[in-house]
$ cat input_21.cif   # mmCIF, C-alpha atoms and all ligand atoms
data_work
loop_
_atom_site.label_atom_id
_atom_site.label_comp_id
_atom_site.auth_asym_id
_atom_site.auth_seq_id
_atom_site.Cartn_x
_atom_site.Cartn_y
_atom_site.Cartn_z
CA MET E 1 -11.31 4.58 -17.46
CA LEU E 2 -9.79 1.49 -19.04
CA ALA E 3 -10.81 2.24 -22.61
CA GLY E 4 -7.79 2.20 -24.88
CA ARG E 5 -5.40 1.18 -22.08
CA HIS E 6 -3.04 -1.69 -22.77
CA ILE E 7 -2.44 -4.33 -20.12
CA LEU E 8 0.10 -7.12 -20.20
CA LEU E 9 -1.54 -9.92 -18.20
CA ILE E 10 0.86 -12.55 -16.86
CA VAL E 11 -1.00 -15.69 -15.81
CA GLY E 12 0.96 -17.79 -13.32
CA GLY E 13 0.44 -21.41 -12.35
CA GLY E 14 -2.25 -21.67 -9.72
CA ILE E 15 -5.83 -22.85 -9.52
CA ALA E 16 -6.88 -19.18 -9.37
CA ALA E 17 -5.81 -18.91 -13.03
CA PHE E 18 -9.42 -19.72 -13.97
CA LYS E 19 -10.41 -16.36 -12.48
CA SER E 20 -7.89 -14.66 -14.76
CA LEU E 21 -10.00 -15.68 -17.75
CA ASP E 22 -12.90 -13.76 -16.24
CA LEU E 23 -10.56 -10.86 -15.40
CA LEU E 24 -9.40 -10.76 -19.02
CA ARG E 25 -12.96 -10.80 -20.32
CA ARG E 26 -14.03 -7.97 -18.05
CA LEU E 27 -10.99 -5.87 -18.88
CA ARG E 28 -11.90 -6.22 -22.54
CA ASP E 29 -15.53 -5.38 -21.77
CA GLN E 30 -14.26 -2.10 -20.36
CA GLY E 31 -12.35 -1.35 -23.54
CA ALA E 32 -8.86 -2.38 -22.45
CA ARG E 33 -6.45 -4.14 -24.78
CA VAL E 34 -4.92 -7.19 -23.13
CA THR E 35 -1.80 -9.06 -24.19
CA PRO E 36 -1.64 -12.37 -22.32
CA VAL E 37 1.55 -14.07 -21.18
CA LEU E 38 1.20 -17.61 -19.88
CA THR E 39 3.86 -19.24 -17.74
CA ARG E 40 4.67 -22.91 -18.18
CA ALA E 41 2.92 -23.71 -14.87
CA GLY E 42 0.00 -21.45 -15.82
CA ALA E 43 -0.54 -23.58 -18.94
CA GLU E 44 -1.28 -26.53 -16.63
CA PHE E 45 -4.39 -24.65 -15.43
CA VAL E 46 -5.69 -22.69 -18.43
CA THR E 47 -5.02 -23.17 -22.10
CA PRO E 48 -3.32 -20.71 -24.44
CA LEU E 49 -6.36 -21.03 -26.69
CA SER E 50 -8.75 -19.77 -23.98
CA LEU E 51 -6.54 -16.76 -23.34
CA SER E 52 -5.99 -15.89 -26.98
CA ALA E 53 -9.70 -16.28 -27.77
CA LEU E 54 -10.73 -13.99 -24.91
CA ALA E 55 -7.96 -11.48 -25.59
CA ALA E 56 -8.27 -11.65 -29.38
CA SER E 57 -4.50 -11.55 -29.25
CA LYS E 58 -1.50 -13.79 -29.52
CA VAL E 59 -0.46 -15.44 -26.26
CA TYR E 60 3.22 -15.19 -25.41
CA GLN E 61 4.70 -18.20 -23.66
CA ASP E 62 8.33 -18.81 -24.44
CA LEU E 63 11.36 -16.62 -24.13
CA PHE E 64 13.11 -18.50 -26.87
CA ASP E 65 10.25 -18.57 -29.32
CA LEU E 66 12.04 -17.06 -32.31
CA THR E 67 8.84 -16.11 -34.08
CA ASP E 68 7.89 -13.92 -31.16
CA GLU E 69 11.36 -12.41 -31.04
CA ALA E 70 11.14 -11.58 -34.73
CA GLU E 71 7.73 -9.98 -34.26
CA MET E 72 8.40 -8.23 -31.00
CA GLY E 73 11.40 -8.67 -28.71
CA HIS E 74 10.83 -9.42 -25.05
CA ILE E 75 12.19 -6.01 -24.04
CA GLU E 76 9.69 -4.30 -26.31
CA LEU E 77 6.89 -6.55 -25.09
CA SER E 78 7.70 -5.58 -21.49
CA ARG E 79 7.33 -1.90 -22.27
CA ALA E 80 4.51 -1.85 -24.81
CA ALA E 81 1.77 -2.00 -22.16
CA ASP E 82 0.57 0.74 -19.79
CA LEU E 83 0.57 -1.68 -16.86
CA ILE E 84 1.73 -5.22 -16.15
CA VAL E 85 -0.67 -7.33 -14.11
CA VAL E 86 0.41 -10.67 -12.64
CA ALA E 87 -2.67 -12.76 -11.76
CA PRO E 88 -2.34 -15.19 -10.17
CA ALA E 89 1.04 -14.26 -8.73
CA THR E 90 2.31 -17.52 -7.26
CA ALA E 91 4.82 -17.80 -4.42
CA ASP E 92 7.37 -18.88 -7.04
CA LEU E 93 6.74 -15.88 -9.29
CA MET E 94 6.94 -13.52 -6.32
CA ALA E 95 10.24 -15.11 -5.24
CA LYS E 96 11.64 -14.74 -8.76
CA MET E 97 10.55 -11.10 -8.92
CA ALA E 98 12.00 -10.33 -5.49
CA ALA E 99 15.31 -11.96 -6.41
CA GLY E 100 15.46 -10.40 -9.87
CA LEU E 101 15.60 -13.74 -11.66
CA ALA E 102 14.97 -13.81 -15.39
CA ASN E 103 14.87 -17.46 -16.40
CA ASP E 104 11.63 -17.56 -18.36
CA LEU E 105 9.52 -15.15 -20.38
CA ALA E 106 7.36 -13.86 -17.48
CA SER E 107 10.25 -13.18 -15.11
CA THR E 108 12.31 -11.62 -17.90
CA LEU E 109 9.48 -9.26 -18.82
CA LEU E 110 9.05 -8.31 -15.17
CA LEU E 111 12.75 -7.54 -14.82
CA ALA E 112 12.99 -5.64 -18.11
CA THR E 113 9.90 -3.48 -17.80
CA ASP E 114 9.83 0.24 -17.10
CA LYS E 115 6.08 0.13 -16.40
CA ARG E 116 4.20 -0.25 -13.13
CA VAL E 117 3.50 -3.79 -12.00
CA LEU E 118 0.43 -4.95 -10.06
CA ILE E 119 0.38 -8.44 -8.57
CA ALA E 120 -2.59 -10.46 -7.32
CA PRO E 121 -1.00 -13.13 -5.11
CA ALA E 122 -2.71 -16.52 -4.83
CA MET E 123 -1.38 -19.50 -2.94
CA ASN E 124 -1.92 -21.89 -0.07
CA VAL E 125 -2.27 -20.14 3.29
CA ARG E 126 0.94 -21.60 4.71
CA MET E 127 2.88 -20.64 1.62
CA TRP E 128 1.52 -17.10 1.94
CA GLN E 129 2.36 -16.90 5.64
CA HIS E 130 5.83 -18.42 5.23
CA PRO E 131 8.51 -15.92 6.26
CA ALA E 132 10.15 -16.30 2.85
CA THR E 133 6.98 -15.17 1.02
CA GLN E 134 6.39 -12.35 3.51
CA ARG E 135 10.00 -11.25 3.02
CA ASN E 136 9.55 -11.31 -0.75
CA LEU E 137 6.29 -9.35 -0.42
CA ALA E 138 8.03 -6.64 1.62
CA THR E 139 10.86 -6.49 -0.94
CA LEU E 140 8.41 -6.18 -3.82
CA GLN E 141 6.38 -3.48 -2.05
CA GLY E 142 9.61 -1.63 -1.34
CA ASP E 143 10.42 -1.86 -5.07
CA GLY E 144 7.12 -0.12 -5.83
CA VAL E 145 5.17 -3.17 -6.94
CA LEU E 146 1.45 -2.71 -6.34
CA VAL E 147 -0.40 -5.54 -4.60
CA VAL E 148 -4.08 -6.47 -4.54
CA GLY E 149 -5.21 -9.14 -2.07
CA PRO E 150 -4.94 -11.93 -1.23
CA ASP E 151 -8.32 -12.45 0.42
CA ASP E 152 -9.20 -14.64 3.37
CA GLY E 153 -11.39 -17.64 2.77
CA SER E 154 -11.60 -21.29 1.96
CA MET E 155 -9.15 -22.48 -0.64
CA ALA E 156 -9.14 -25.11 -3.34
CA CYS E 157 -6.61 -27.09 -1.26
CA GLY E 158 -9.19 -27.40 1.56
CA GLU E 159 -7.46 -25.02 3.98
CA PHE E 160 -8.79 -21.70 5.21
CA GLY E 161 -7.07 -18.34 5.61
CA PRO E 162 -5.34 -15.65 3.58
CA GLY E 163 -4.14 -16.77 0.18
CA ARG E 164 -7.18 -16.68 -2.12
CA MET E 165 -6.65 -14.45 -5.12
CA ALA E 166 -8.56 -11.16 -4.83
CA GLU E 167 -11.95 -11.18 -6.54
CA VAL E 168 -12.05 -9.93 -10.12
CA PRO E 169 -13.89 -6.64 -9.32
CA ASP E 170 -11.23 -5.83 -6.71
CA ILE E 171 -8.45 -6.51 -9.20
CA ILE E 172 -10.21 -4.32 -11.77
CA ALA E 173 -10.52 -1.54 -9.16
CA ALA E 174 -6.79 -1.78 -8.38
CA ILE E 175 -5.97 -1.72 -12.12
CA SER E 176 -8.23 1.29 -12.66
CA SER E 177 -6.59 3.12 -9.81
CA ALA E 178 -3.09 2.27 -11.10
CA LEU E 179 -4.10 3.61 -14.53
CA SER E 180 -6.25 6.45 -13.24
CA ASP E 181 -6.38 9.66 -15.16
CA GLY E 182 -7.71 11.43 -12.09
CA PRO E 183 -6.66 14.91 -11.01
CA LEU E 184 -3.77 13.53 -8.93
CA LYS E 185 -2.19 11.55 -11.77
CA GLY E 186 1.58 12.06 -11.68
CA LYS E 187 1.51 13.35 -8.09
CA HIS E 188 3.40 11.55 -5.35
CA ILE E 189 1.80 11.59 -1.92
CA LEU E 190 3.47 10.27 1.18
CA VAL E 191 1.26 8.92 3.95
CA THR E 192 2.12 7.59 7.43
CA SER E 193 -0.25 5.27 9.25
CA GLY E 194 -0.64 2.95 12.21
CA PRO E 195 1.03 2.87 15.59
CA THR E 196 4.74 2.35 16.11
CA HIS E 197 6.21 -0.43 18.23
CA GLU E 198 9.12 0.62 20.39
CA PRO E 199 11.09 -2.35 21.71
CA ILE E 200 11.77 -2.89 25.40
CA ASP E 201 13.72 -6.05 24.60
CA PRO E 202 13.53 -8.51 21.68
CA VAL E 203 10.11 -9.80 22.74
CA ARG E 204 8.37 -6.84 24.40
CA TYR E 205 7.41 -3.45 23.05
CA ILE E 206 5.47 -0.27 23.77
CA ALA E 207 2.53 0.30 21.45
CA ASN E 208 -0.77 2.18 21.19
CA ARG E 209 -4.27 1.45 19.97
CA SER E 210 -4.26 3.33 16.66
CA SER E 211 -6.10 1.23 14.05
CA GLY E 212 -5.11 3.22 10.97
CA ALA E 213 -8.71 3.04 9.62
CA GLN E 214 -9.19 6.71 8.68
CA VAL E 215 -5.83 7.20 7.01
CA THR E 216 -6.13 3.91 5.12
CA ALA E 217 -9.37 5.24 3.63
CA ILE E 218 -7.59 8.51 2.77
CA ALA E 219 -4.74 6.69 1.01
CA ARG E 220 -7.28 4.63 -0.96
CA ALA E 221 -9.15 7.79 -2.00
CA LEU E 222 -5.91 9.48 -3.11
CA ALA E 223 -4.92 6.45 -5.19
CA GLY E 224 -8.44 6.50 -6.66
CA LEU E 225 -7.77 10.05 -7.89
CA GLY E 226 -4.64 8.80 -9.61
CA ALA E 227 -1.95 9.68 -7.06
CA THR E 228 1.10 7.50 -6.57
CA VAL E 229 0.90 6.88 -2.85
CA THR E 230 3.75 5.72 -0.64
CA PHE E 231 2.12 4.31 2.47
CA VAL E 232 4.57 4.04 5.35
CA THR E 233 2.86 2.05 8.05
CA GLY E 234 3.58 0.72 11.50
CA PRO E 235 1.84 -2.50 12.58
CA ALA E 236 -1.78 -1.36 12.03
CA ASP E 237 -4.93 -3.47 12.54
CA VAL E 238 -6.43 -2.51 9.20
CA PRO E 239 -4.64 -3.96 6.15
CA PRO E 240 -3.04 -1.38 3.82
CA PRO E 241 -5.17 -0.26 0.87
CA ASP E 242 -4.74 -1.88 -2.52
CA GLY E 243 -2.90 -0.04 -5.23
CA VAL E 244 -0.41 1.87 -3.06
CA GLN E 245 3.29 1.31 -2.41
CA VAL E 246 3.53 -0.03 1.12
CA VAL E 247 6.58 0.31 3.34
CA HIS E 248 6.30 -1.60 6.62
CA VAL E 249 8.14 -0.25 9.65
CA GLN E 250 8.07 -0.94 13.37
CA THR E 251 9.64 2.02 15.16
CA ALA E 252 9.46 5.81 14.93
CA ALA E 253 13.11 5.96 13.88
CA GLN E 254 12.44 3.51 11.02
CA MET E 255 9.35 5.52 10.04
CA LEU E 256 11.33 8.74 9.79
CA GLN E 257 13.96 7.01 7.70
CA ALA E 258 11.33 5.51 5.38
CA VAL E 259 9.67 8.92 5.01
CA GLN E 260 12.98 10.56 4.16
CA SER E 261 13.87 7.94 1.60
CA ALA E 262 10.44 8.18 -0.05
CA ALA E 263 10.88 11.93 -0.70
CA PRO E 264 10.34 14.03 -2.74
CA ALA E 265 6.56 14.26 -2.54
CA ASP E 266 3.90 16.69 -3.71
CA ALA E 267 2.04 16.28 -0.42
CA ALA E 268 2.60 14.43 2.83
CA ILE E 269 -0.03 13.28 5.28
CA PHE E 270 1.18 12.28 8.72
CA ALA E 271 -1.48 10.31 10.49
CA ALA E 272 0.61 7.69 12.25
CA ALA E 273 0.25 7.48 16.01
CA VAL E 274 3.99 7.70 16.52
CA ALA E 275 5.16 6.79 20.03
CA ASP E 276 6.45 9.93 21.74
CA TRP E 277 9.18 7.99 23.53
CA ARG E 278 11.32 4.95 22.90
CA VAL E 279 13.20 2.90 25.47
CA ALA E 280 16.76 4.20 25.49
CA ASN E 281 18.15 1.19 27.34
CA ALA E 282 16.23 -1.51 25.42
CA GLY E 283 17.66 -4.94 26.24
CA ALA E 284 19.58 -6.85 23.59
CA SER E 285 18.26 -10.05 25.18
CA LYS E 286 15.03 -10.80 27.04
CA ILE E 287 14.90 -9.02 30.39
CA LYS E 288 14.60 -11.68 33.11
CA LYS E 289 12.31 -11.60 36.11
CA ASP E 290 14.96 -12.21 38.74
CA ALA E 291 16.27 -11.19 42.14
CA ALA E 292 17.66 -7.94 40.76
CA GLY E 293 14.13 -6.54 41.12
CA LEU E 294 12.02 -4.47 38.73
CA PRO E 295 13.63 -3.30 35.50
CA HIS E 296 14.32 0.40 35.15
CA LEU E 297 13.36 1.68 31.74
CA GLU E 298 14.91 4.90 30.56
CA PHE E 299 13.09 6.83 27.88
CA ALA E 300 14.37 8.94 25.02
CA GLU E 301 12.23 11.25 22.92
CA ASN E 302 11.36 10.04 19.43
CA PRO E 303 11.74 12.32 16.43
CA ASP E 304 8.57 14.23 15.59
CA ILE E 305 8.19 13.21 11.96
CA LEU E 306 5.48 15.74 11.13
CA ALA E 307 7.47 18.63 12.64
CA THR E 308 10.73 17.46 11.05
CA VAL E 309 9.23 17.35 7.55
CA SER E 310 7.17 20.54 8.04
CA GLN E 311 10.28 22.47 8.99
CA MET E 312 12.76 20.90 6.58
CA GLY E 313 13.20 23.89 4.25
CA ALA E 314 14.47 22.74 0.84
CA GLY E 315 12.61 19.69 -0.38
CA ARG E 316 9.61 20.25 1.91
CA PRO E 317 6.47 18.87 0.28
CA PRO E 318 4.31 21.83 -0.81
CA LEU E 319 1.39 20.55 1.30
CA VAL E 320 2.01 18.95 4.70
CA ILE E 321 -0.96 17.69 6.69
CA GLY E 322 -0.99 16.51 10.30
CA PHE E 323 -3.65 14.98 12.50
CA ALA E 324 -4.78 15.92 15.96
CA ALA E 325 -6.84 13.55 18.07
CA GLU E 326 -8.14 15.57 21.01
CA THR E 327 -10.60 15.03 23.81
CA ASP E 328 -11.34 18.66 24.75
CA ASP E 329 -10.99 22.14 23.24
CA VAL E 330 -10.43 20.42 19.90
CA ILE E 331 -10.19 23.55 17.73
CA ALA E 332 -7.97 25.52 20.12
CA HIS E 333 -5.55 22.63 20.63
CA ALA E 334 -5.43 21.74 16.94
CA THR E 335 -4.90 25.36 15.89
CA ALA E 336 -1.98 25.63 18.31
CA LYS E 337 -0.61 22.32 17.04
CA ARG E 338 -0.65 23.54 13.42
CA LEU E 339 1.55 26.48 14.36
CA ARG E 340 3.79 24.48 16.67
CA LYS E 341 4.49 21.76 14.10
CA GLY E 342 4.72 24.11 11.14
CA CYS E 343 2.38 22.08 8.91
CA ASP E 344 -0.16 23.54 6.47
CA TRP E 345 -3.31 21.74 7.59
CA ILE E 346 -4.41 19.82 10.63
CA VAL E 347 -7.25 17.33 10.48
CA ALA E 348 -8.63 17.43 14.00
CA ASN E 349 -11.15 15.17 15.62
CA ASP E 350 -12.72 14.63 19.01
CA VAL E 351 -11.84 11.16 20.22
CA SER E 352 -13.60 11.31 23.60
CA PRO E 353 -15.13 7.87 24.21
CA ALA E 354 -18.68 9.34 24.05
CA THR E 355 -18.22 10.18 20.34
CA GLY E 356 -17.63 6.52 19.40
CA ILE E 357 -15.21 7.73 16.71
CA MET E 358 -12.16 5.79 17.82
CA GLY E 359 -12.54 2.31 16.39
CA GLY E 360 -15.88 3.28 14.75
CA THR E 361 -16.83 3.71 11.10
CA GLU E 362 -17.75 7.40 11.29
CA ASN E 363 -15.76 10.53 11.92
CA ALA E 364 -16.47 14.22 12.56
CA VAL E 365 -13.43 16.28 11.65
CA THR E 366 -12.44 19.91 11.67
CA LEU E 367 -9.98 21.04 9.02
CA ILE E 368 -7.61 23.69 10.35
CA THR E 369 -5.82 25.77 7.73
CA ASP E 370 -4.31 29.25 7.65
CA GLN E 371 -7.87 30.40 6.86
CA GLY E 372 -9.23 29.11 10.17
CA ALA E 373 -11.29 26.13 11.28
CA GLU E 374 -13.86 24.38 9.10
CA SER E 375 -16.00 21.77 10.84
CA TRP E 376 -17.36 19.03 8.60
CA PRO E 377 -20.57 17.19 9.47
CA ARG E 378 -20.27 13.72 10.93
CA MET E 379 -19.98 11.20 8.09
CA SER E 380 -18.42 7.83 7.27
CA LYS E 381 -14.63 7.60 7.35
CA ASP E 382 -14.76 6.83 3.61
CA ALA E 383 -16.70 10.06 2.98
CA VAL E 384 -14.19 12.06 5.06
CA ALA E 385 -11.42 10.45 3.01
CA ALA E 386 -13.09 11.29 -0.32
CA GLN E 387 -13.68 14.91 0.72
CA LEU E 388 -10.12 15.37 1.98
CA ALA E 389 -8.67 13.80 -1.18
CA GLN E 390 -10.71 16.27 -3.28
CA ARG E 391 -9.43 19.18 -1.21
CA ILE E 392 -5.85 18.00 -1.63
CA ALA E 393 -6.41 17.70 -5.37
CA GLN E 394 -7.71 21.29 -5.49
CA VAL E 395 -4.46 22.51 -3.96
CA ILE E 396 -1.77 20.40 -5.61
CA ALA E 397 -3.26 19.22 -8.90
O1 LIG B 1 2.06 15.79 18.95
P1 LIG B 1 0.92 14.91 18.57
O2 LIG B 1 1.27 13.45 18.66
O3 LIG B 1 -0.37 15.21 19.21
O4 LIG B 1 0.70 15.26 17.03
C1 LIG B 1 -0.02 14.44 16.16
C2 LIG B 1 0.47 14.65 14.75
O5 LIG B 1 1.89 14.60 14.70
C3 LIG B 1 0.01 13.52 13.86
O6 LIG B 1 -0.10 14.07 12.57
C4 LIG B 1 1.17 12.53 13.95
O7 LIG B 1 1.23 11.69 12.82
C5 LIG B 1 2.36 13.46 14.02
N1 LIG B 1 3.51 12.93 14.78
C6 LIG B 1 4.67 12.56 14.12
N2 LIG B 1 5.75 12.13 14.83
C7 LIG B 1 5.71 12.06 16.17
C8 LIG B 1 4.54 12.43 16.86
C9 LIG B 1 3.46 12.85 16.13
O8 LIG B 1 4.69 12.60 12.89
N3 LIG B 1 6.78 11.64 16.84
#
$ encode --input "input_21.cif" --output "C-alpha cells"
Amino acid sequence: MLAGRHILLIVGGGIAAFKSLDLLRRLRDQGARVTPVLTRAGAEFVTPLSLSALAASKVYQDLFDLTDEAEMGHIELSRAADLIVVAPATADLMAKMAAGLANDLASTLLLATDKRVLIAPAMNVRMWQHPATQRNLATLQGDGVLVVGPDDGSMACGEFGPGRMAEVPDIIAAISSALSDGPLKGKHILVTSGPTHEPIDPVRYIANRSSGAQVTAIARALAGLGATVTFVTGPADVPPPDGVQVVHVQTAAQMLQAVQSAAPADAAIFAAAVADWRVANAGASKIKKDAAGLPHLEFAENPDILATVSQMGAGRPPLVIGFAAETDDVIAHATAKRLRKGCDWIVANDVSPATGIMGGTENAVTLITDQGAESWPRMSKDAVAAQLAQRIAQVIA
C-alpha cells in the first residue's frame, strides 16, 4: 500500500526520535519514499547522517539554508509529499502547529502544506496531560490533523502514564490508512460516538454507560478502507481510533452543532448514546445542599440528531445509519425506528444483560434496511465493524 508513496517525515526533539529511525527504515522497506526533516531539537537526539543514510535522501534542517531554497523552496517541499508525518511530535511542536507559528523549517512546512498531516505525540506524562497540550490537541484534531497515540507505559524520564510515542507498527498502520487506496478513498463519513454529558450545574451532569466500543471499531474499519472519517464523540470510555479526525463534545447540542459543521458527508453513522433530555434550569453555579430543600430539575428535550439529519432534505448524506439497542422485540422495534427516524439503515442489537453484549467484545446485530431484516451471526465487534464497512463501501463507493 505504501509502494511509491512519498512521505515527509518531520523528526522532533524527543527521546522517542530513535524510534523514528526504525519507522523510516520500515517505511522504506514497504516501498515508500521518505524525505526527512530534522528540527534543531531533533538533531540533539538523532543525527542528520543517520536519517539521510536510512532515507537515501537529503535531510532538510534549516529554513534559511539557501542551497535548499535554490533546489526546492520550502513551500514546494511542504507539498511534494503525499502525507506529512511528525514523529515524535513534541509538546512544543504541537503548540506551534496549534498556534500557526512558522519560525523554523518544520513549523513553516506544517503551516504551508496542503497535504494531510499525521502526528505521533511523545512527551512526559504531565506535559501530555497539561491543559495547554490537551487544548492544542483538540485544536489540531479540529483542524483535521490525524493523531496516532500516545501510548501508556513507562517513559525514559522514569514516570509512567500516557505520553510514550506509539509503536512503529501502529504508526505505519495509521500512515497506511491515511494513504489508503481502499474503496472509500475520497469519501467523507461522519460518525457519532459515546455518551453525552448534560450539565446539572458546573460540577454535576447526567450521563449514560455507553462505551463507544462498537462504533470506534466501525470508524477504524472505515478509515482502513480509505474513508476520511470525522468522529464526533462525547466522553467515551474507549479512546478514539487512530487516523480519524476527532471532534470532542460534551452535550447533545454541541454534538448536533459539530455534526452540522462537519457536513457534507457521503454517509453518516449515528451511534452516540445521546441523552434524550437536558436540564433546562441547569445552575450557573454549584447547587448547594441547604435549607431550601431538594433541587427541582426541569428537563427539556434534546435534539434527535439522527432524525434531524435523516430528514434534512438538501444536503442529506446519501446513506444515513442509526443504531437501536433493544432488550425485547428487537426487529419489530428497530424496523419501526427506521421509519420513525427516516434513516436508511438501522443496526439493531439485543442488549439484554443475558447476551453479555453491552461492555463485551462480541456483538450479534441485525441490519434493517428497506429490504427487511438481516440477522448476522454473533461475532467480534471488530468483525461486525469490518462487515458493516464493506457494506457501506458497496453502496457509496
Ligand atoms: O431514539 P433512540 O435513542 O432509541 O435511537 C437511537 C438512535 O438515534 C441512535 O442511532 C442514536 O445515535 C440516535 N440518536 C440521536 N440523537 C438523539 C437520540 C438518539 O442521534 N437525541
$ closest_residue --input "input_21.cif" --among "E:Asp329, E:Asp266, E:Glu362, E:Asp237" --to "Lys185 in chain E" --atoms "only C-alpha atoms"
E:Asp266
$ residues_near_ligand --input "input_21.cif" --ligand "ligand LIG 1 (chain B)" --cutoff "7 Å" --atoms "only C-alpha atoms and all ligand atoms" --output "PyMOL selection string"
chain E and resi 192+252+270-276+302-307+321-325
$ write_last_selection --input "input_21.cif" --atoms "C-alpha atoms" --output "PDB file, keeping the file's coordinate frame"
ATOM      1  CA  THR E 192       2.120   7.590   7.430  1.00  0.00           C
ATOM      2  CA  ALA E 252       9.460   5.810  14.930  1.00  0.00           C
ATOM      3  CA  PHE E 270       1.180  12.280   8.720  1.00  0.00           C
ATOM      4  CA  ALA E 271      -1.480  10.310  10.490  1.00  0.00           C
ATOM      5  CA  ALA E 272       0.610   7.690  12.250  1.00  0.00           C
ATOM      6  CA  ALA E 273       0.250   7.480  16.010  1.00  0.00           C
ATOM      7  CA  VAL E 274       3.990   7.700  16.520  1.00  0.00           C
ATOM      8  CA  ALA E 275       5.160   6.790  20.030  1.00  0.00           C
ATOM      9  CA  ASP E 276       6.450   9.930  21.740  1.00  0.00           C
ATOM     10  CA  ASN E 302      11.360  10.040  19.430  1.00  0.00           C
ATOM     11  CA  PRO E 303      11.740  12.320  16.430  1.00  0.00           C
ATOM     12  CA  ASP E 304       8.570  14.230  15.590  1.00  0.00           C
ATOM     13  CA  ILE E 305       8.190  13.210  11.960  1.00  0.00           C
ATOM     14  CA  LEU E 306       5.480  15.740  11.130  1.00  0.00           C
ATOM     15  CA  ALA E 307       7.470  18.630  12.640  1.00  0.00           C
ATOM     16  CA  ILE E 321      -0.960  17.690   6.690  1.00  0.00           C
ATOM     17  CA  GLY E 322      -0.990  16.510  10.300  1.00  0.00           C
ATOM     18  CA  PHE E 323      -3.650  14.980  12.500  1.00  0.00           C
ATOM     19  CA  ALA E 324      -4.780  15.920  15.960  1.00  0.00           C
ATOM     20  CA  ALA E 325      -6.840  13.550  18.070  1.00  0.00           C
TER      21      ALA E 325
END
$ closest_residue --input "input_21.cif" --among "E:Val247, E:Ile346, E:Leu110, E:Ile218" --to "Gln371 in chain E" --atoms "only C-alpha atoms"
E:Ile346
$ closest_residue --input "input_21.cif" --among "E:Pro199, E:Leu118, E:Ala393, E:Gly226" --to "Gly283 in chain E" --atoms "only C-alpha atoms"
E:Pro199
$ residues_around --input "input_21.cif" --residues "Met94 in chain E" --least-positions-apart "5" --cutoff "12 Å" --atoms "only C-alpha atoms" --output "PyMOL selection string"
chain E and resi 12-13+86-89+99-101+106-107+110-111+117-123+127-128+132-141+145+147
$ atom_distance --input "input_21.cif" --atom1 "CA of Phe299 in chain E" --atom2 "CA of Ala284 in chain E"
15.7 Å
$ atom_distance --input "input_21.cif" --atom1 "CA of Ala334 in chain E" --atom2 "CA of Ile269 in chain E"
15.4 Å
$ closest_residue --input "input_21.cif" --among "E:Asp181, E:Glu301, E:Asp328, E:Asp370" --to "Ala354 in chain E" --atoms "all atoms listed in the file"
E:Asp328
$ closest_residue --input "input_21.cif" --among "E:Pro183, E:Gly293, E:Gly194, E:Pro150" --to "Thr228 in chain E" --atoms "only C-alpha atoms"
E:Pro183
